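See structure below.
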Amino acid sequence: MGRKQKEKLQLSLYYNDGAVSEEEEAIISSKLNELSLRAEFLAIAAPLVKIIPQNETGFAAELDPYALAMSFIKHVIDSLKLMDISESSLTVRQLEALVASDIFSQYEALYRQYPGISNGEQPSREDANKVASEVVDRLLARRTNGKFTVRIFNSSENAFREFEFQLFEQYYNYEGDLLVRPTTECANLYLNAMDQKLGDKQAALTTLIDRQIERGDYESALKSAYQHRNVTLQHQSSILSLERQIERNSRGVSWLNEIEPEIDLITKEVPEFNKQDEKIFFSLQANLETLAGQKRYLAHQVLEIIRECTGIYRRLAHRVMGLPERYRNARIQHGIFSVVTPLPNIETTLLAPIMKEYTSEMLTDILPHIMAAFCSVKIPNCHDVKYMTEKLTAPKREVTEVFDAAALPEMDELIIEEIRNISAEGRHFAMSALERTGGWEINLSQVIVGVEEDCDMKDVSEALLLFAVHAWKENGYGGLAATRTNTLFKSRHVAGDDFMIQYSSASKVEEQ
Amino acid sequence: MNPELVRDASMLITYGLQPSLYGKLREYEALAARYRTNHDFRMAANAIADGMGLRVAESTEHGIILSVMDNLSPFVPDVTTVHNRCTEVERRQLIGLCILGIAAVAFQRPGALNSDTACFVTRDEVYNKLVAMASELEQTELDGGVSESARLIAKYKTLNTSSKTHKPTQDTLHWHLDQAFGYLAQQRYVKKESEAEGGQYGMLPRFRIQLERGGVSYAYHAVQEALKKKAHPSAEGSAE
C-alpha cells in the first residue's frame with residue numbers, strides 16, 4: 001500500500017465515515033510533496049558525510065567528516081566577494097591548502113588523544129595534503145561536472161525519481177584563475193535554510209534584537225544577531241539570484257506572476273531592513289559607553305554584526321533601486337521580442353555533418369569559417385615599405401639610462417651562464433613558444449604573458465627573457481632578432497625591458 | 001562626430017585586437033568602462049569594429065572581446081597561426097577538425113555555453129570522440145564513399161611517439177590536438193590544469209563568450225549553407 005493510500009485510510013478512520021473529500025485529498029498530496037522536498041534537503045547533505053575515501057587507513061579513516069565538510073563550506077562562503085554568491089576569491093589550490101590544514105589539525109588531535117591508531121607514528125603534512133586533494137575532488141565532483149545524483153522516493157507518486165543537485169561550482173575569472181563558489185543549495189544548507197519567508201523571518205529577528213537590547217539581554221541579542229546575519233546573507237543570495245534570473249531570461253519564468261511581485265516586495269523590504277538595522281546600530285552605539293564588563297563586550301559583538309548587515313543592506317538597497325528599470329529592459333528584450341534562441345549544439349549541428357557529409361573541397365572551404373568562429377582574431381601585418389626601410393637603415397639606438405646593467409661587458413658571460421642554468425624542459429618550452437610566433441615580429445612581453453598563462457613555469461619565462469637580451473646584445477642569436485623598446489614590462493615571473501622579437505626557425509636557439 | 005571620440009573608440013578596438021593586453025592596461029580599462037557607460041562611444045566603437053568585419057562580443061571591466069563576423073575581414077585567423085608547419089591541406093583540415101572537436105566535447109553539456117561554470121576537457125577525450133565518430137562513419141555506407149574527415153582521422157589516429165622525447169610524432173592526431181590546444185592556450189581561450197589523460201584543459205571565459213555571442217551561430221549557418229550547395233549544385237551554378 002502506497003503512502004498516499006495509507007494517509008487516506010488513516011484520515012477516513014479518523015472521521016469514521018470512510019470518505020475523503022477532494023479538498024482533503026489535496027491537503028494529503030501537498031503534505032506528501034512537502035515531505036519529498038524535505039527529503040531533498042536531507043539528500044543535499046549526503047555527499048558531505050562521504051568525503052573520506054573508504055579505502056583510507058590510519059588517521060585518515062578516523063577523520064570527522066562532519067566538521068571537515070562544514071569547515072569546507074565555510075572556507076568557500078567566506079571567500080565570497082562582498083558576500084555576492086556569484087563572485088568568489090578562492091582558487092581551487094587555495095581551497096586544497098585550507099582543507100589540508102583542517103585535516104592536519106584533526107590528525108594532531110587524533111595523535112594526541114588516540115596514539116594507538118597509527119602505532120605511535122606521527123601524522124605528516126604530506127598525508128594531509130594527499131587526503132585534502134581527494135576531499136576537494138569529491139566535493140567538487142569534477143568527474144560529473146559538479147553534479148550529484150541521488151535516488152529519492154516520492155511518497156505522493158509512490159515512485160523513485162532521480163534528484164540532481166550541485167553544492168559547488170568551479171568557474172574561471174577573466175584572469176584565468178580557477179575559482180570555487182557555493183551554489184544556492186549549499187549556502188542554504190550552511191545557513192540553516194528556513195521554510196518561512198525570508199522577509200518575515202528578518203522582520204521578526206530585527207524586532208527581537210531590538211527588544212533584547214532594550215531588556216539588556218545581550219547574550220540572547222548576540223544569538224539573534226548571528227541568525228539575523230544568516231538571514232541577511234540568504235536574503236542577499238535570493239535577490240542576486242532574482243537579478244540573474246531577470247538578465248538570463250531563465251526558461252519557465254513567469255514574468256508577471258513570479259518576477260513582478262518579487263520585485264515589488266524587494267523594493268519595499270530592503271530599504272526598510274536597512275533602516276531598521278541602522279536604527280539598532282545607532283542606538284547600540286550610543287549606549288555602548290554606558291555598559292561595562294561582559295555586557296559591553298557582548299554589545300560590541302552585536303554591534304559589529306549589525307554593522308556588517310547594515311553594509312550588506314545598504315549595498316542591496318542601491319542595487320534594488322535599479323531593479324525595476326532592468327526588469328523593464330529585460331522584459332522588452334527577452335519577454336516581448338524573445339531574442340534569446342537556443343544555441344545550436346556544436347557536436348550534432350557542426351561536427352557531425354562536417355564529419356559525415358564533407359568532401360575535401362568542402363572541408364577546405366569551411367575552414368576559414370570555423371577558424372573565424374572558434375579562433376582569436378589575427379592581426380595582419382601592414383607592409384609599409386617606407387617604415388621598413390627607415391627601420392633597417394636606422395642607426396642603433398643609444399641607450400640613455402644612467403645605469404644599464406645589461407650593457408655592461410661582464411653581463412655577457414653572466415647571461416650565457418644563466419642560459420645554461422635553465423632546465424632542458426624550460427628551454428624546450430621557450431623554443432616552442434618562439435616557434436609559435438610564426439616568424440612575426442612580436443613583443444617579448446606578449447610571448448611571456450601568453451606562455452605563463454599556458455604552463456606557468458618560471459624557467460620558461462627566464463629563458464625567453466635571457467634569449468631576447470642575448471639576441472639584442474649579439475645582434476641576433478640562433479634565428480632570434482631582438483630590438484629593445486623604451487618600455488618596461490612585468491609578468492608573473494620576470495620583469496625588465498621589453499623587446500620586439502622576431503624568430504626564424506631555420507636555425508634554432510637551442511642549437512647554439 | 002567628434003574626432004577625439006572616434007580616435008578613442010579606435011584605440012579600444014586596437015587594444016581589443018591584442019588579447020594579451022586584457023586586464024593589463026589602465027588606459028584600456030578606462031576605455032572599456034567608457035564603452036559600457038557612454039552610448040555615443042559605444043556606437044562609434046561598434047561602427048569601427050563593424051567596418052573591419054569584427055564584432056564586440058563582450059565588454060567587461062578589464063577590456064573587450066572581439067570576434068570576426070565576416071570571413072572577408074583582414075582579421076580572419078588562418079590555420080598557419082595555429083602552427084606554422086601546417087601548410088599542407090590535410091594538416092590544415094585536421095587542425096580545423098581538432099578545434100571543432102575540442103569545443104564540441106568541452107561544451108557538450110546542455111546550456112554549457114550560457115553558463116559561466118567551468119568546463120574541462122582532456123586531449124584523450126577529444127581524441128576518443130573524433131576516432132569513435134570516424135570509425136562509426138567507416139562502417140556506414142555513405143553515398144560518396146568514406147567522408148574526407150573520417151579518412152583523415154583514420155589516417156592520423158596512430159599513436160606513434162618519438163623514441164627520444166616520448167611525445168606524439170607529427171603524423172598523429174595527438175600531435176595535431178596538442179597544437180590546437182597549445183594555440184588556444186596562447187590565445188587565452190583555454191588553460192592547462194593537469195597532465196592527466198594527455199592534458200586536462202579548462203575553457204576560459206573568452207572562448208565561451210566568443211562562441212556564445214555569435215561564433216557558434218556563424219559556423220552553423222556556414223555549415224548549413226555548404227550542405228545546401230552540396231544538395232543543389234545546379235542552383236548555385238544558375239545563381240552565378
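Quick note on naming: the chains in the C-alpha cells go A, B, ... in the order shown, residues restart at 1 in each chain, and ligands are numbered from 1 in order of appearance.
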Residues of chain B within 7 Å of chain A, only C-alpha atoms counted, as a ChimeraX atom specification: /B:17,20,67-68,71,74-78,81,83-84,93,96,100-101,104,116-118,137,147-150,185-188,191-192,204-205,211,215-220,222-223
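Using only C-alpha atoms, the protein and nucleic acid residues lying no more than 10 Å from B:Glu197, apart from those fewer than 6 places from it along its own chain, are Val121, Thr122, Arg123, Asp124 and Glu125 of chain B.
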Got time to write the residues from that selection, C-alpha atoms, as a CSV table (one decimal), in the first residue's frame?
```csv
chain,number,residue,atom,x,y,z
B,121,VAL,CA,38.2,18.5,-21.4
B,122,THR,CA,41.2,16.2,-21.9
B,123,ARG,CA,43.1,15.6,-25.0
B,124,ASP,CA,42.3,11.9,-24.8
B,125,GLU,CA,38.5,12.7,-24.6
```
Can you list, as a ChimeraX atom specification, every protein, DNA or RNA residue that comes within 7 Å of A:Val135 when you count only C-alpha atoms, leaving out same-chain residues fewer than 4 positions away? /A:51-52,131,139
Write the residues of the preceding selection, restricted to all heavy atoms, as a PDB file, in the first residue's frame.
```
ATOM      1  N   ILE A  51      32.875  12.165   2.461  1.00  0.00           N
ATOM      2  CA  ILE A  51      34.037  12.800   1.817  1.00  0.00           C
ATOM      3  C   ILE A  51      35.343  12.053   2.058  1.00  0.00           C
ATOM      4  O   ILE A  51      36.300  12.265   1.349  1.00  0.00           O
ATOM      5  CB  ILE A  51      34.206  14.283   2.235  1.00  0.00           C
ATOM      6  CG1 ILE A  51      34.224  14.433   3.742  1.00  0.00           C
ATOM      7  CG2 ILE A  51      33.151  15.143   1.613  1.00  0.00           C
ATOM      8  CD1 ILE A  51      34.542  15.854   4.178  1.00  0.00           C
ATOM      9  N   ILE A  52      35.369  11.184   3.073  1.00  0.00           N
ATOM     10  CA  ILE A  52      36.614  10.445   3.326  1.00  0.00           C
ATOM     11  C   ILE A  52      36.581   9.162   2.498  1.00  0.00           C
ATOM     12  O   ILE A  52      35.663   8.356   2.644  1.00  0.00           O
ATOM     13  CB  ILE A  52      36.760  10.093   4.831  1.00  0.00           C
ATOM     14  CG1 ILE A  52      36.545  11.334   5.706  1.00  0.00           C
ATOM     15  CG2 ILE A  52      38.115   9.433   5.106  1.00  0.00           C
ATOM     16  CD1 ILE A  52      37.541  12.434   5.526  1.00  0.00           C
ATOM     17  N   VAL A 131      45.165  13.589   1.235  1.00  0.00           N
ATOM     18  CA  VAL A 131      43.742  13.373   1.553  1.00  0.00           C
ATOM     19  C   VAL A 131      42.941  14.624   1.173  1.00  0.00           C
ATOM     20  O   VAL A 131      41.827  14.526   0.642  1.00  0.00           O
ATOM     21  CB  VAL A 131      43.552  13.012   3.050  1.00  0.00           C
ATOM     22  CG1 VAL A 131      42.086  12.848   3.396  1.00  0.00           C
ATOM     23  CG2 VAL A 131      44.303  11.736   3.380  1.00  0.00           C
ATOM     24  N   LEU A 139      34.163  16.629  -3.333  1.00  0.00           N
ATOM     25  CA  LEU A 139      33.094  17.610  -3.132  1.00  0.00           C
ATOM     26  C   LEU A 139      32.867  18.494  -4.360  1.00  0.00           C
ATOM     27  O   LEU A 139      31.752  18.948  -4.595  1.00  0.00           O
ATOM     28  CB  LEU A 139      33.386  18.468  -1.900  1.00  0.00           C
ATOM     29  CG  LEU A 139      33.016  17.799  -0.581  1.00  0.00           C
ATOM     30  CD1 LEU A 139      33.281  18.727   0.586  1.00  0.00           C
ATOM     31  CD2 LEU A 139      31.562  17.363  -0.535  1.00  0.00           C
TER      32      LEU A 139
END
```
DSSP strand (DSSP E) residues within stretch 1-225 of chain B, listed as a list in words: Leu54, Arg55, Val56, Ala57, Glu58, Ser59, Thr60, Gly63, Ile64, Ile65, Leu66, Ser67, Val68, Phe120, Val121, Thr122, Val190, Lys191, Lys192, Glu193, Ser194, Gln200, Tyr201, Gly202 and Met203 of chain B
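Minimum distance to B:Val131 across B:Phe41, B:Tyr189, B:Tyr156, B:Phe207 (counting only C-alpha atoms) occurs at B:Tyr156.
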Considering only alpha helix (DSSP H) as DSSP defines it on the backbone, what residues of chain B qualify? List them as a count of residues only. 126
By how many Å are atom CA of A:Ser238 and atom CA of A:Ile306 apart? 19.8 Å
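Interatomic distance, atom CA of A:Gly58 to atom CA of A:Ala45: 25.4 Å.
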Just give me the gap between atom CA of A:Gly322 and atom CA of A:Ile246 in Å, one decimal is fine. 12.4 Å
List as a PyMOL selection string the protein and nucleic acid residues near B:Gly23, meaning an atom at most 12 Å away when only C-alpha atoms are counted, but skip any in the same chain fewer than 2 places from it. (chain A and resi 173-176+449) or (chain B and resi 15-16+18-21+25-32+59-65)
Taking N, CA, C and O atoms for each residue, export the selection above as a compact mmCIF listing (two decimals), in the first residue's frame.
```txt
# COMPACT_ATOMS: atom_id res chain seq x y z
N ASN A 173 37.78 33.19 -13.77
CA ASN A 173 37.60 34.63 -13.92
C ASN A 173 38.34 35.06 -15.18
O ASN A 173 38.97 34.24 -15.85
N TYR A 174 38.28 36.33 -15.52
CA TYR A 174 38.90 36.77 -16.77
C TYR A 174 40.43 36.73 -16.72
O TYR A 174 41.08 36.81 -17.74
N GLU A 175 40.98 36.58 -15.51
CA GLU A 175 42.44 36.47 -15.43
C GLU A 175 42.87 35.02 -15.60
O GLU A 175 44.05 34.71 -15.60
N GLY A 176 41.90 34.11 -15.70
CA GLY A 176 42.22 32.70 -15.90
C GLY A 176 42.42 31.91 -14.61
O GLY A 176 42.91 30.79 -14.65
N VAL A 449 53.79 36.59 -21.40
CA VAL A 449 52.48 36.55 -20.73
C VAL A 449 51.67 35.35 -21.24
O VAL A 449 51.06 34.60 -20.48
N TYR B 15 43.29 47.89 -28.87
CA TYR B 15 43.62 47.12 -27.66
C TYR B 15 42.91 45.77 -27.68
O TYR B 15 43.47 44.75 -27.33
N GLY B 16 41.65 45.79 -28.10
CA GLY B 16 40.86 44.56 -28.12
C GLY B 16 41.44 43.51 -29.05
O GLY B 16 41.24 42.32 -28.85
N GLN B 18 44.44 42.75 -29.23
CA GLN B 18 45.60 42.12 -28.59
C GLN B 18 45.18 41.47 -27.27
O GLN B 18 45.18 42.13 -26.23
N PRO B 19 44.80 40.20 -27.32
CA PRO B 19 44.27 39.54 -26.13
C PRO B 19 45.19 39.62 -24.92
O PRO B 19 44.72 39.64 -23.78
N SER B 20 46.50 39.71 -25.16
CA SER B 20 47.42 39.71 -24.01
C SER B 20 47.32 41.00 -23.20
O SER B 20 47.80 41.07 -22.08
N LEU B 21 46.69 42.04 -23.76
CA LEU B 21 46.57 43.30 -23.01
C LEU B 21 45.36 43.31 -22.08
O LEU B 21 45.20 44.21 -21.27
N LEU B 25 46.25 46.95 -18.88
CA LEU B 25 46.49 48.38 -19.09
C LEU B 25 45.37 49.21 -18.49
O LEU B 25 44.20 48.94 -18.74
N ARG B 26 45.76 50.23 -17.72
CA ARG B 26 44.75 51.07 -17.09
C ARG B 26 43.97 51.86 -18.14
O ARG B 26 42.76 52.02 -18.04
N GLU B 27 44.68 52.33 -19.16
CA GLU B 27 44.05 53.12 -20.21
C GLU B 27 43.00 52.28 -20.96
O GLU B 27 41.91 52.76 -21.29
N TYR B 28 43.35 51.04 -21.19
CA TYR B 28 42.44 50.10 -21.86
C TYR B 28 41.18 49.90 -21.00
O TYR B 28 40.04 49.95 -21.50
N GLU B 29 41.39 49.73 -19.71
CA GLU B 29 40.25 49.52 -18.80
C GLU B 29 39.34 50.75 -18.77
O GLU B 29 38.12 50.63 -18.72
N ALA B 30 39.98 51.94 -18.85
CA ALA B 30 39.19 53.18 -18.83
C ALA B 30 38.33 53.26 -20.11
O ALA B 30 37.15 53.66 -20.05
N LEU B 31 38.92 52.88 -21.24
CA LEU B 31 38.16 52.91 -22.49
C LEU B 31 37.04 51.87 -22.48
O LEU B 31 35.95 52.12 -22.98
N ALA B 32 37.33 50.70 -21.87
CA ALA B 32 36.30 49.65 -21.78
C ALA B 32 35.14 50.13 -20.90
O ALA B 32 33.97 49.86 -21.20
N SER B 59 31.96 43.13 -23.33
CA SER B 59 32.83 44.11 -22.69
C SER B 59 32.76 43.90 -21.19
O SER B 59 31.68 43.67 -20.65
N THR B 60 33.91 43.92 -20.55
CA THR B 60 33.96 43.77 -19.10
C THR B 60 34.81 44.89 -18.54
O THR B 60 35.33 45.70 -19.32
N GLU B 61 35.01 44.89 -17.23
CA GLU B 61 35.81 45.95 -16.63
C GLU B 61 37.28 45.89 -17.08
O GLU B 61 38.01 46.86 -16.98
N HIS B 62 37.72 44.72 -17.59
CA HIS B 62 39.12 44.58 -17.98
C HIS B 62 39.38 44.83 -19.46
O HIS B 62 40.51 44.93 -19.88
N GLY B 63 38.35 44.85 -20.28
CA GLY B 63 38.57 45.05 -21.71
C GLY B 63 37.41 44.53 -22.53
O GLY B 63 36.32 44.30 -22.00
N ILE B 64 37.67 44.35 -23.83
CA ILE B 64 36.60 43.84 -24.70
C ILE B 64 37.06 42.54 -25.37
O ILE B 64 38.25 42.26 -25.44
N ILE B 65 36.07 41.77 -25.82
CA ILE B 65 36.37 40.55 -26.55
C ILE B 65 35.82 40.73 -27.96
O ILE B 65 34.63 41.00 -28.13
```
